[in-house]
$ cat coords.txt   # compact mmCIF, C-alpha atoms and all ligand atoms
# COMPACT_ATOMS: atom_id res chain seq x y z
CA MET A 240 133.72 83.23 63.25
CA ASP A 241 130.41 81.99 64.48
CA ARG A 242 129.73 83.52 67.84
CA ARG A 243 126.06 83.41 68.63
CA LEU A 244 124.81 83.32 72.19
CA VAL A 245 121.06 82.91 72.68
CA VAL A 246 120.07 84.62 75.93
CA ASP A 247 116.86 85.06 77.88
CA LEU A 248 117.61 87.51 80.66
CA HIS A 249 114.16 88.33 82.02
CA THR A 250 112.97 85.36 84.04
CA HIS A 251 111.52 84.69 87.47
CA SER A 252 111.52 82.08 90.22
CA ARG A 253 108.58 80.60 92.09
CA PHE A 254 109.17 83.29 94.75
CA ALA A 255 107.85 86.09 92.54
CA ILE A 256 104.18 86.94 92.88
CA GLY A 257 102.14 85.63 89.98
CA CYS A 258 104.76 83.11 88.96
CA SER A 259 104.45 79.34 88.71
CA SER A 260 105.38 77.19 91.71
CA ALA A 261 107.15 74.97 89.15
CA LEU A 262 109.93 77.53 88.63
CA THR A 263 112.98 75.80 90.11
CA LEU A 264 116.58 75.67 88.94
CA GLU A 265 115.84 72.25 87.54
CA SER A 266 112.77 73.28 85.51
CA LEU A 267 114.49 76.45 84.31
CA SER A 268 117.43 74.32 83.16
CA ARG A 269 115.20 71.85 81.35
CA GLY A 270 113.25 74.73 79.81
CA ALA A 271 116.40 76.41 78.53
CA TRP A 272 117.52 73.16 76.94
CA ALA A 273 114.14 72.55 75.28
CA LYS A 274 113.88 76.09 73.98
CA GLY A 275 117.44 76.39 72.71
CA ILE A 276 118.67 79.06 75.14
CA ASP A 277 122.39 79.18 75.91
CA VAL A 278 122.30 81.48 78.94
CA LEU A 279 119.36 82.24 81.22
CA ALA A 280 119.11 84.84 83.92
CA THR A 281 118.28 83.37 87.30
CA GLY A 282 115.65 86.01 88.05
CA ASP A 283 114.84 87.15 91.58
CA PHE A 284 118.36 87.33 93.04
CA THR A 285 116.98 89.77 95.59
CA HIS A 286 114.90 87.05 97.22
CA PRO A 287 116.71 85.45 100.19
CA ALA A 288 115.30 81.93 99.77
CA TRP A 289 115.89 81.86 96.01
CA LEU A 290 119.36 83.35 96.44
CA ALA A 291 120.20 80.58 98.90
CA GLU A 292 119.10 78.02 96.30
CA LEU A 293 121.20 79.74 93.65
CA LYS A 294 124.27 79.72 95.86
CA SER A 295 123.92 76.05 96.67
CA GLY A 296 122.71 74.88 93.25
CA LEU A 297 125.02 76.77 90.90
CA LYS A 298 128.73 76.43 90.46
CA PRO A 299 130.89 79.06 88.79
CA VAL A 300 132.16 78.29 85.29
CA GLU A 301 133.31 81.71 84.12
CA GLU A 302 133.50 85.08 85.82
CA GLY A 303 129.82 85.87 86.52
CA VAL A 304 128.44 82.79 84.73
CA PHE A 305 127.25 79.75 86.63
CA GLU A 306 126.12 76.25 85.80
CA SER A 307 123.27 74.23 87.29
CA ALA A 308 123.44 70.52 88.07
CA LEU A 309 121.78 69.89 84.69
CA GLY A 310 124.43 71.89 82.87
CA CYS A 311 122.42 75.02 82.09
CA GLN A 312 124.32 78.29 82.21
CA PHE A 313 123.02 81.24 84.21
CA VAL A 314 123.84 84.84 84.96
CA LEU A 315 122.47 86.52 88.07
CA GLY A 316 119.39 88.58 87.23
CA ALA A 317 116.50 90.29 89.00
CA GLU A 318 113.62 92.67 88.46
CA VAL A 319 112.77 95.48 90.87
CA ALA A 320 109.61 97.59 90.90
CA SER A 321 110.13 101.28 91.65
CA ILE A 322 107.03 103.02 92.94
CA TRP A 323 107.46 106.71 93.56
CA SER A 324 106.05 110.09 92.75
CA ALA A 325 107.49 112.44 90.12
CA GLY A 326 106.09 115.36 88.20
CA GLY A 327 102.97 115.30 90.38
CA ARG A 328 102.07 111.74 89.38
CA GLY A 329 102.49 108.30 90.87
CA ARG A 330 105.03 106.29 88.90
CA ARG A 331 105.64 102.58 88.63
CA VAL A 332 108.57 101.33 86.63
CA HIS A 333 110.12 97.87 86.50
CA SER A 334 113.87 97.64 86.01
CA LEU A 335 115.91 94.60 85.07
CA LEU A 336 119.26 94.08 86.73
CA LEU A 337 122.18 91.81 85.92
CA ALA A 338 124.90 91.36 88.52
CA PRO A 339 128.54 90.36 88.01
CA GLY A 340 128.61 87.83 90.86
CA PHE A 341 127.32 86.75 94.26
CA PRO A 342 129.41 89.20 96.33
CA ALA A 343 127.93 92.11 94.34
CA VAL A 344 124.43 90.66 94.78
CA ASP A 345 124.95 90.38 98.54
CA ARG A 346 126.08 93.99 98.81
CA PHE A 347 123.24 95.21 96.59
CA ASN A 348 120.62 93.24 98.54
CA ALA A 349 121.94 94.61 101.85
CA ARG A 350 121.39 98.15 100.51
CA LEU A 351 118.02 97.39 98.94
CA ALA A 352 116.79 95.74 102.16
CA LYS A 353 116.70 99.19 103.77
CA TYR A 354 113.87 100.11 101.40
CA THR A 355 111.78 96.95 101.12
CA ARG A 356 111.12 93.53 102.58
CA LEU A 357 113.09 91.37 100.19
CA GLU A 358 111.43 88.13 101.28
CA SER A 359 107.92 89.36 100.46
CA ASP A 360 108.23 89.09 96.66
CA GLY A 361 110.84 87.87 94.19
CA ARG A 362 110.14 91.09 92.28
CA PRO A 363 110.45 93.49 95.23
CA MET A 364 108.72 96.84 95.37
CA THR A 365 110.62 99.86 96.54
CA LYS A 366 110.05 103.58 96.91
CA LEU A 367 113.43 104.21 95.34
CA SER A 368 112.97 105.88 91.96
CA ALA A 369 114.24 104.06 88.88
CA GLY A 370 117.21 106.46 88.81
CA GLU A 371 118.02 105.95 92.50
CA LEU A 372 117.84 102.20 92.04
CA ALA A 373 120.22 102.31 89.07
CA ARG A 374 122.70 104.55 90.90
CA MET A 375 122.58 102.29 93.93
CA ALA A 376 123.44 99.27 91.76
CA TRP A 377 126.38 101.07 90.10
CA ASP A 378 127.53 102.36 93.45
CA VAL A 379 127.77 98.75 94.64
CA ASP A 380 129.54 97.63 91.46
CA GLU A 381 129.80 99.56 88.23
CA ARG A 382 129.48 96.32 86.27
CA PHE A 383 125.78 95.97 87.12
CA VAL A 384 123.60 96.17 84.01
CA VAL A 385 120.40 98.15 84.56
CA MET A 386 117.68 98.52 81.97
CA PRO A 387 114.00 99.38 82.02
CA ALA A 388 111.81 96.29 81.55
CA HIS A 389 108.96 95.91 79.00
CA VAL A 390 109.16 99.66 78.40
CA TRP A 391 105.78 100.24 76.74
CA THR A 392 103.42 98.25 78.96
CA PRO A 393 100.74 100.43 80.55
CA TRP A 394 101.23 99.69 84.25
CA TYR A 395 104.92 99.12 84.85
CA GLY A 396 106.69 100.21 81.69
CA MET A 397 108.95 103.27 81.56
CA TYR A 398 106.90 104.69 78.65
CA GLY A 399 103.62 103.11 79.81
CA SER A 400 100.33 104.98 79.52
CA LYS A 401 99.36 104.65 83.20
CA SER A 402 102.42 105.78 85.10
CA GLY A 403 105.25 106.14 82.63
CA PHE A 404 107.41 108.92 81.27
CA ASP A 405 108.03 110.46 77.86
CA SER A 406 111.78 109.86 77.85
CA ILE A 407 114.56 107.88 79.49
CA GLU A 408 116.03 111.08 80.84
CA GLU A 409 112.75 112.09 82.49
CA CYS A 410 112.53 108.65 84.11
CA PHE A 411 116.14 107.99 85.13
CA GLY A 412 117.44 111.55 85.55
CA GLU A 413 121.20 111.66 86.13
CA ALA A 414 121.38 107.89 85.71
CA SER A 415 120.03 108.00 82.16
CA SER A 416 123.44 108.07 80.51
CA GLY A 417 124.11 104.65 82.07
CA ILE A 418 120.94 103.19 80.59
CA ARG A 419 122.36 101.68 77.44
CA ALA A 420 119.60 99.18 76.62
CA ILE A 421 115.88 98.58 76.99
CA GLU A 422 113.60 95.55 76.90
CA THR A 423 110.78 95.84 74.34
CA GLY A 424 108.21 93.64 76.09
CA LEU A 425 105.92 91.23 74.29
CA SER A 426 103.47 93.81 72.94
CA SER A 427 106.04 95.85 71.02
CA ASP A 428 108.73 94.83 68.58
CA PRO A 429 111.95 96.53 67.44
CA ALA A 430 110.26 98.20 64.45
CA MET A 431 107.97 100.10 66.80
CA ASN A 432 110.93 101.11 68.96
CA TRP A 433 113.02 102.28 66.01
CA ARG A 434 110.45 105.03 65.50
CA PHE A 435 111.30 106.88 68.72
CA SER A 436 114.48 108.97 68.72
CA ASP A 437 114.74 108.66 72.51
CA LEU A 438 116.02 105.15 71.75
CA ASP A 439 118.52 106.18 69.07
CA GLY A 440 121.91 104.81 70.07
CA ARG A 441 120.39 102.53 72.67
CA VAL A 442 120.26 98.78 72.38
CA ILE A 443 116.92 97.04 71.94
CA LEU A 444 116.59 93.66 73.62
CA SER A 445 113.87 91.05 73.88
CA PHE A 446 113.37 88.48 76.62
CA SER A 447 110.52 86.23 77.70
CA ASP A 448 109.53 87.60 81.13
CA ALA A 449 108.40 84.00 81.65
CA HIS A 450 106.19 83.35 84.65
CA SER A 451 106.31 79.60 84.00
CA PRO A 452 108.88 77.23 82.48
CA ALA A 453 106.77 76.78 79.33
CA ASN A 454 107.03 80.48 78.49
CA LEU A 455 110.82 80.66 78.60
CA GLY A 456 112.31 81.79 75.32
CA ARG A 457 109.09 83.15 73.83
CA GLU A 458 111.32 86.15 73.05
CA VAL A 459 115.12 85.91 73.04
CA THR A 460 118.13 87.93 71.99
CA MET A 461 121.07 86.53 70.07
CA LEU A 462 124.27 88.23 71.16
CA ASP A 463 127.66 88.36 69.54
CA ALA A 464 129.22 87.21 72.79
CA ASP A 465 130.66 84.27 74.61
CA ALA A 466 129.32 82.88 77.86
CA SER A 467 131.05 85.24 80.27
CA TYR A 468 129.50 88.12 82.17
CA GLU A 469 131.84 90.73 80.70
CA SER A 470 131.21 89.55 77.17
CA ILE A 471 127.43 89.56 77.68
CA ARG A 472 127.55 92.97 79.36
CA THR A 473 129.64 94.45 76.58
CA ALA A 474 127.29 93.06 73.93
CA ILE A 475 124.27 94.50 75.74
CA GLU A 476 125.77 97.90 76.41
CA CYS A 477 127.71 98.40 73.20
CA GLY A 478 125.29 96.96 70.67
CA GLY A 479 126.56 93.44 70.11
CA VAL A 480 123.11 92.15 69.15
CA LEU A 481 122.92 89.82 66.14
CA GLU A 482 119.15 89.59 66.08
CA THR A 483 116.13 89.38 68.34
CA VAL A 484 113.38 86.79 68.14
CA GLU A 485 110.00 88.27 68.88
CA PHE A 486 106.42 87.51 69.71
CA PHE A 487 104.11 89.02 67.15
CA PRO A 488 103.46 92.28 69.03
CA GLU A 489 99.70 91.80 68.54
CA HIS A 490 100.06 88.54 70.47
CA GLY A 491 101.04 90.49 73.59
CA LYS A 492 98.40 91.45 76.09
CA TYR A 493 98.78 95.22 75.93
CA HIS A 494 98.95 95.85 72.20
CA LEU A 495 95.72 97.79 71.56
CA ASP A 496 93.47 99.85 73.85
CA GLY A 497 90.26 98.86 75.56
CA HIS A 498 88.52 97.24 78.50
CA SER A 499 88.87 93.47 78.44
CA LYS A 500 86.19 92.70 81.06
CA CYS A 501 83.63 94.11 78.64
CA GLY A 502 85.30 92.79 75.49
CA VAL A 503 85.77 96.37 74.28
CA ARG A 504 88.88 96.55 72.09
CA LEU A 505 89.80 99.87 70.50
CA LEU A 506 92.33 101.22 68.03
CA PRO A 507 94.11 104.38 69.21
CA ALA A 508 91.92 106.51 66.91
CA GLU A 509 88.82 104.93 68.41
CA SER A 510 89.90 105.38 72.01
CA ALA A 511 90.78 109.02 71.26
CA ALA A 512 87.11 109.53 70.41
CA THR A 513 86.02 108.33 73.87
CA ASP A 514 86.43 110.23 77.12
CA GLY A 515 88.93 107.57 78.21
CA ARG A 516 86.10 105.39 79.54
CA CYS A 517 84.57 102.14 78.43
CA ALA A 518 81.32 102.70 76.51
CA GLN A 519 79.83 99.57 78.14
CA CYS A 520 80.57 100.07 81.82
CA GLY A 521 82.06 103.56 82.19
CA ARG A 522 85.30 102.35 83.79
CA LEU A 523 88.68 103.60 82.60
CA ILE A 524 90.04 101.95 79.50
CA THR A 525 93.68 100.87 79.31
CA LEU A 526 95.72 102.52 76.59
CA GLY A 527 98.05 99.97 75.06
CA VAL A 528 101.45 99.94 73.51
CA VAL A 529 100.49 101.05 69.98
CA ASN A 530 98.78 104.09 71.41
CA ARG A 531 101.86 105.17 73.37
CA VAL A 532 104.20 104.48 70.45
CA GLU A 533 102.02 106.67 68.25
CA GLN A 534 102.05 109.43 70.86
CA LEU A 535 105.81 109.41 71.28
CA ALA A 536 107.21 108.22 67.94
CA ASP A 537 108.85 110.92 65.87
CA LYS A 538 109.83 108.82 62.85
CA PRO A 539 107.80 106.83 60.34
CA GLU A 540 107.85 103.06 60.42
CA TYR A 541 110.59 101.63 58.27
CA VAL A 542 110.96 97.89 57.74
CA SER A 543 111.88 95.54 54.97
CA ARG A 544 111.13 91.89 55.04
CA ALA A 545 113.52 89.40 53.49
CA SER A 546 112.90 85.88 52.26
CA ASP A 547 115.05 84.54 55.12
CA GLY A 548 112.31 85.61 57.54
CA LEU A 549 114.39 88.44 58.98
CA ILE A 550 112.87 91.89 59.25
CA ARG A 551 115.37 94.65 58.75
CA GLY A 552 115.21 98.32 59.62
CA PRO A 553 117.40 101.38 59.62
CA GLU A 554 121.18 101.16 59.30
CA GLY A 555 122.80 100.09 62.54
CA ARG A 556 119.77 98.28 63.91
CA PRO A 557 119.99 94.49 64.18
CA PRO A 558 117.22 92.58 62.38
CA PHE A 559 114.51 90.59 64.09
CA ARG A 560 112.05 87.81 63.33
CA ARG A 561 108.68 86.80 64.69
CA ILE A 562 107.67 83.45 66.09
CA VAL A 563 104.66 81.72 67.59
CA PRO A 564 105.51 79.33 70.47
CA LEU A 565 105.63 75.78 69.17
CA GLU A 566 103.16 74.40 71.71
CA GLU A 567 100.62 77.00 70.58
CA LEU A 568 101.06 75.96 66.96
CA ILE A 569 100.64 72.30 67.88
CA ALA A 570 97.60 73.01 70.05
CA TRP A 571 96.02 75.01 67.24
CA GLY A 572 96.64 72.21 64.75
CA LEU A 573 95.22 69.56 67.05
CA GLY A 574 92.28 71.78 67.98
CA THR A 575 93.05 71.51 71.66
CA ARG A 576 94.48 73.53 74.54
CA ARG A 577 98.18 74.05 75.00
CA VAL A 578 98.53 72.16 78.27
CA THR A 579 97.41 68.72 77.14
CA LYS A 580 99.06 65.33 76.76
CA GLY A 581 98.45 65.36 73.01
CA VAL A 582 100.37 68.61 72.58
CA GLN A 583 103.20 67.42 74.84
CA LYS A 584 103.54 64.23 72.84
CA VAL A 585 103.97 66.04 69.52
CA TYR A 586 106.28 68.59 71.16
CA SER A 587 108.54 65.84 72.52
CA THR A 588 108.58 64.03 69.19
CA LEU A 589 109.70 67.19 67.40
CA LEU A 590 112.30 67.96 70.04
CA GLY A 591 113.62 64.42 69.76
CA GLU A 592 113.95 64.90 66.04
CA PHE A 593 115.40 68.41 65.86
CA GLY A 594 116.94 69.24 69.24
CA ASN A 595 115.22 72.38 70.43
CA GLU A 596 112.28 74.68 69.81
CA LEU A 597 114.21 77.64 68.45
CA SER A 598 115.80 75.43 65.79
CA ILE A 599 112.41 74.05 64.86
CA LEU A 600 110.79 77.47 64.61
CA ILE A 601 113.55 79.32 62.75
CA GLY A 602 116.43 77.04 61.78
CA VAL A 603 115.49 73.60 60.46
CA PRO A 604 115.18 73.54 56.64
CA GLU A 605 111.65 73.28 55.30
CA ALA A 606 112.27 69.92 53.63
CA ASP A 607 113.43 68.37 56.92
CA LEU A 608 110.39 69.73 58.72
CA GLU A 609 108.10 68.40 56.03
CA ALA A 610 109.66 64.95 56.28
CA VAL A 611 108.59 64.67 59.92
CA GLY A 612 105.59 66.96 60.01
CA ALA A 613 103.01 64.58 58.63
CA GLY A 614 103.98 61.88 61.12
CA VAL A 615 102.82 63.79 64.21
CA GLY A 616 99.06 63.82 63.69
CA TYR A 617 98.70 66.95 61.65
CA ASP A 618 100.90 68.89 59.31
CA ILE A 619 102.91 70.94 61.79
CA ALA A 620 105.52 71.65 59.13
CA ARG A 621 103.09 73.74 57.10
CA ALA A 622 102.12 75.73 60.20
CA ILE A 623 105.73 76.48 61.08
CA ILE A 624 106.58 77.49 57.52
CA ALA A 625 103.51 79.74 57.32
CA VAL A 626 104.62 81.60 60.47
CA ARG A 627 108.17 81.92 59.13
CA LYS A 628 106.74 83.59 56.04
CA GLY A 629 104.45 85.84 58.04
CA ARG A 630 101.30 84.17 56.74
CA VAL A 631 99.22 84.47 59.88
CA GLN A 632 95.84 85.58 61.08
CA ILE A 633 96.03 88.05 63.93
CA ASP A 634 93.58 88.92 66.66
CA PRO A 635 95.35 91.61 68.72
CA GLY A 636 95.66 91.57 72.51
CA TYR A 637 94.51 94.45 74.74
CA ASP A 638 93.99 95.38 78.40
CA GLY A 639 95.64 92.25 79.80
CA ALA A 640 94.07 89.80 77.33
CA TYR A 641 96.56 88.00 75.10
CA GLY A 642 96.01 88.22 71.37
CA THR A 643 96.03 85.21 69.11
CA VAL A 644 98.21 84.58 66.09
CA THR A 645 97.39 81.54 63.98
CA PRO A 646 98.96 80.32 60.76
CA ILE A 647 97.17 80.55 57.44
CA LEU A 648 97.81 77.29 55.63
CA ASP A 649 97.93 77.30 51.82
ZN ZN A 701 107.89 93.48 85.06
ZN ZN A 702 83.94 98.09 80.41

$ encode --input "coords.txt" --output "structure tokens"
Amino acid sequence: MDRRLVVDLHTHSRFAIGCSSALTLESLSRGAWAKGIDVLATGDFTHPAWLAELKSGLKPVEEGVFESALGCQFVLGAEVASIWSAGGRGRRVHSLLLAPGFPAVDRFNARLAKYTRLESDGRPMTKLSAGELARMAWDVDERFVVMPAHVWTPWYGMYGSKSGFDSIEECFGEASSGIRAIETGLSSDPAMNWRFSDLDGRVILSFSDAHSPANLGREVTMLDADASYESIRTAIECGGVLETVEFFPEHGKYHLDGHSKCGVRLLPAESAATDGRCAQCGRLITLGVVNRVEQLADKPEYVSRASDGLIRGPEGRPPFRRIVPLEELIAWGLGTRRVTKGVQKVYSTLLGEFGNELSILIGVPEADLEAVGAGVGYDIARAIIAVRKGRVQIDPGYDGAYGTVTPILD
């Protein structure tokens, strides 16, 4: 039985602050098709204008799953920022929500509207704690899925260095038993998360948190599920993950420590030797994801890498693999920026040949890639194969600056 559902459940609309004005149902649908995603979250269901577009532009196909005019399947998703005080410190934690249908969304939004202006941001801020938010969602409908987003990122992650906690229980309180899954975020990967016993028995998921259509699918999760809300929810909450597809964690913008304005990048051991301030300008440095993982992890790293590109860990944990977005590989090969006509041309040629980006990056056999690769201006096939084999040069991200990961060609 081949049941494999590729999902990207952390997305946004153009109504979320910091997100591209190009994020419409149409561009999300086209993006999902190009990337090879079966089900996308809508993002931002708390926003009245976006919700109105969702209601008019999506038609139900299954309980809790909807289809756009272009035939892309969606579930209703949102992200909410909790900003409150606990343990004598200000806390900021982003939570991802999935809702079973529009009536549940309407009831949830009516409750949430008492605590925030929903129309001000597609990712609304509330003084409700993460635990209160989760309980409110389950009070509306127990089928809501609630999980902490990008858990290790410094500013808004549940374990983040700036305003996070040391455990799920500390963050979510009574609601913690209902938190069955977490999102790793771009700067950490499953292997880092396997090291922390707080996550034992919880499901580790990866999504793109795309702020533009081009970034959809830069991380995805493959579920053993079919395209219905209950099946997706069960897979998320009961561990029906086949594999996750990951950014190289160093590619993420909060991997190491430092102060990006000054170009000061530090390993955890180096930042421990400072007084928490940048040696150049004296401002506070930002402690990244590796630093927090090392503080909290209580198990050694354990991974084994197989020739199929999958990275496996402890018993019971699904494997994962690492990718570099195809447009970045093309741009690197052509020696140009990602958003250029030249890159788009090669990208479209490859999509025309092989269907979608995920197939190209992880599925298409090497010989087929090689047959086309040389025809697109430079040998993209060799770059893709190098990344599949982990032959890459890495310049890690820190303090909001993305890292770079480039293939090493033989
Ligand atoms: Zn977030
Ligand atoms: Zn500085």

$ closest_atom_pairs --input "coords.txt" --of "stretch 374-438 of chain A" --to "stretch 559-581 of chain A" --cutoff "9 Å" --atoms "all atoms listed in the file" --output "CSV"
residue,atom,partner,partner_atom,distance
A:Asp428,CA,A:Phe559,CA,8.5
A:Pro429,CA,A:Phe559,CA,7.3
A:Ala430,CA,A:Phe559,CA,8.7

$ residues_near_ligand --input "coords.txt" --ligand "ligand ZN 701 (chain A)" --cutoff "9 Å" --atoms "only C-alpha atoms and all ligand atoms" --output "list in words"
His249, Glu318, Val319, Ala320, Val332, His333, Ser334, Leu335, Arg362, Ala388, His389, Thr392, Tyr395, Gly396, Gly424 and Asp448 of chain A

$ closest_residue --input "coords.txt" --among "A:Gly440, A:Pro557, A:Gly370, A:Gly403" --to "A:Arg328" --atoms "only C-alpha atoms"
A:Gly403

$ residues_near_point --input "coords.txt" --point "(106.4, 91.6, 72.5)" --cutoff "8 Å" --atoms "all atoms listed in the file" --output "PDB file with C-alpha atoms, in the frame of the given file"
ATOM      1  CA  THR A 423     110.780  95.840  74.340  1.00  0.00           C
ATOM      2  CA  GLY A 424     108.210  93.640  76.090  1.00  0.00           C
ATOM      3  CA  LEU A 425     105.920  91.230  74.290  1.00  0.00           C
ATOM      4  CA  SER A 426     103.470  93.810  72.940  1.00  0.00           C
ATOM      5  CA  SER A 427     106.040  95.850  71.020  1.00  0.00           C
ATOM      6  CA  ASP A 428     108.730  94.830  68.580  1.00  0.00           C
ATOM      7  CA  SER A 445     113.870  91.050  73.880  1.00  0.00           C
ATOM      8  CA  GLU A 458     111.320  86.150  73.050  1.00  0.00           C
ATOM      9  CA  GLU A 485     110.000  88.270  68.880  1.00  0.00           C
ATOM     10  CA  PHE A 486     106.420  87.510  69.710  1.00  0.00           C
ATOM     11  CA  PHE A 487     104.110  89.020  67.150  1.00  0.00           C
ATOM     12  CA  PRO A 488     103.460  92.280  69.030  1.00  0.00           C
ATOM     13  CA  GLU A 489      99.700  91.800  68.540  1.00  0.00           C
ATOM     14  CA  HIS A 490     100.060  88.540  70.470  1.00  0.00           C
ATOM     15  CA  GLY A 491     101.040  90.490  73.590  1.00  0.00           C
TER      16      GLY A 491
END

$ atom_distance --input "coords.txt" --atom1 "atom CA of A:Ala352" --atom2 "atom CA of A:Ser447"
27.0 Å

$ residues_near_ligand --input "coords.txt" --ligand "ligand ZN 702 (chain A)" --cutoff "9 Å" --atoms "only C-alpha atoms and all ligand atoms" --output "PyMOL selection string"
chain A and resi 497-503+516-524

$ residues_around --input "coords.txt" --residues "A:His251" --least-positions-apart "3" --cutoff "9 Å" --atoms "only C-alpha atoms" --output "PyMOL selection string"
chain A and resi 254-255+258-259+262+280-283+316-318+361-362+448-451

$ closest_residue --input "coords.txt" --among "A:Ala369, A:Ile601, A:Leu244, A:Ile443" --to "A:Ile407" --atoms "all atoms listed in the file"
A:Ala369

$ residues_around --input "coords.txt" --residues "A:Ser510" --least-positions-apart "4" --cutoff "8 Å" --atoms "all atoms listed in the file" --output "list in words"
Asp496, Gly497, Leu505, Leu506, Asp514, Gly515 and Leu526 of chain A

$ closest_residue --input "coords.txt" --among "A:Leu438, A:Gly326, A:Gly275, A:Tyr493" --to "A:Leu600" --atoms "only C-alpha atoms"
A:Gly275

$ closest_residue --input "coords.txt" --among "A:Glu358, A:Glu596, A:Glu409, A:Glu540" --to "A:Arg330" --atoms "all atoms listed in the file"
A:Glu409

$ atom_distance --input "coords.txt" --atom1 "atom CA of A:Ala349" --atom2 "atom CA of A:Glu469"
23.7 Å

$ closest_residue --input "coords.txt" --among "A:Lys584, A:Lys401, A:Lys353, A:Arg242" --to "A:Arg531" --atoms "all atoms listed in the file"
A:Lys401

$ atom_distance --input "coords.txt" --atom1 "atom CA of A:Gly417" --atom2 "atom CA of A:Asp345"
21.8 Å

$ residues_near_point --input "coords.txt" --point "(107.6, 102.2, 60.4)" --cutoff "9 Å" --atoms "all atoms listed in the file" --output "NGL selection string"
:A and (430-431 or 433-434 or 538-542 or 552)

$ closest_residue --input "coords.txt" --among "A:Val611, A:Ser416, A:Ala464, A:Val314" --to "A:Glu592" --atoms "only C-alpha atoms"
A:Val611

$ residues_around --input "coords.txt" --residues "A:Ser546" --least-positions-apart "5" --cutoff "12 Å" --atoms "all atoms listed in the file" --output "PyMOL selection string"
chain A and resi 551+560+624+627-629

$ residues_around --input "coords.txt" --residues "A:Leu462" --least-positions-apart "3" --cutoff "10 Å" --atoms "only C-alpha atoms" --output "list in words"
Arg242, Arg243, Leu244, Val245, Val246, Leu444, Val459, Asp465, Ala466, Ser470, Ile471, Thr473, Ala474, Ile475, Gly478, Gly479, Val480, Leu481, Glu482 and Thr483 of chain A
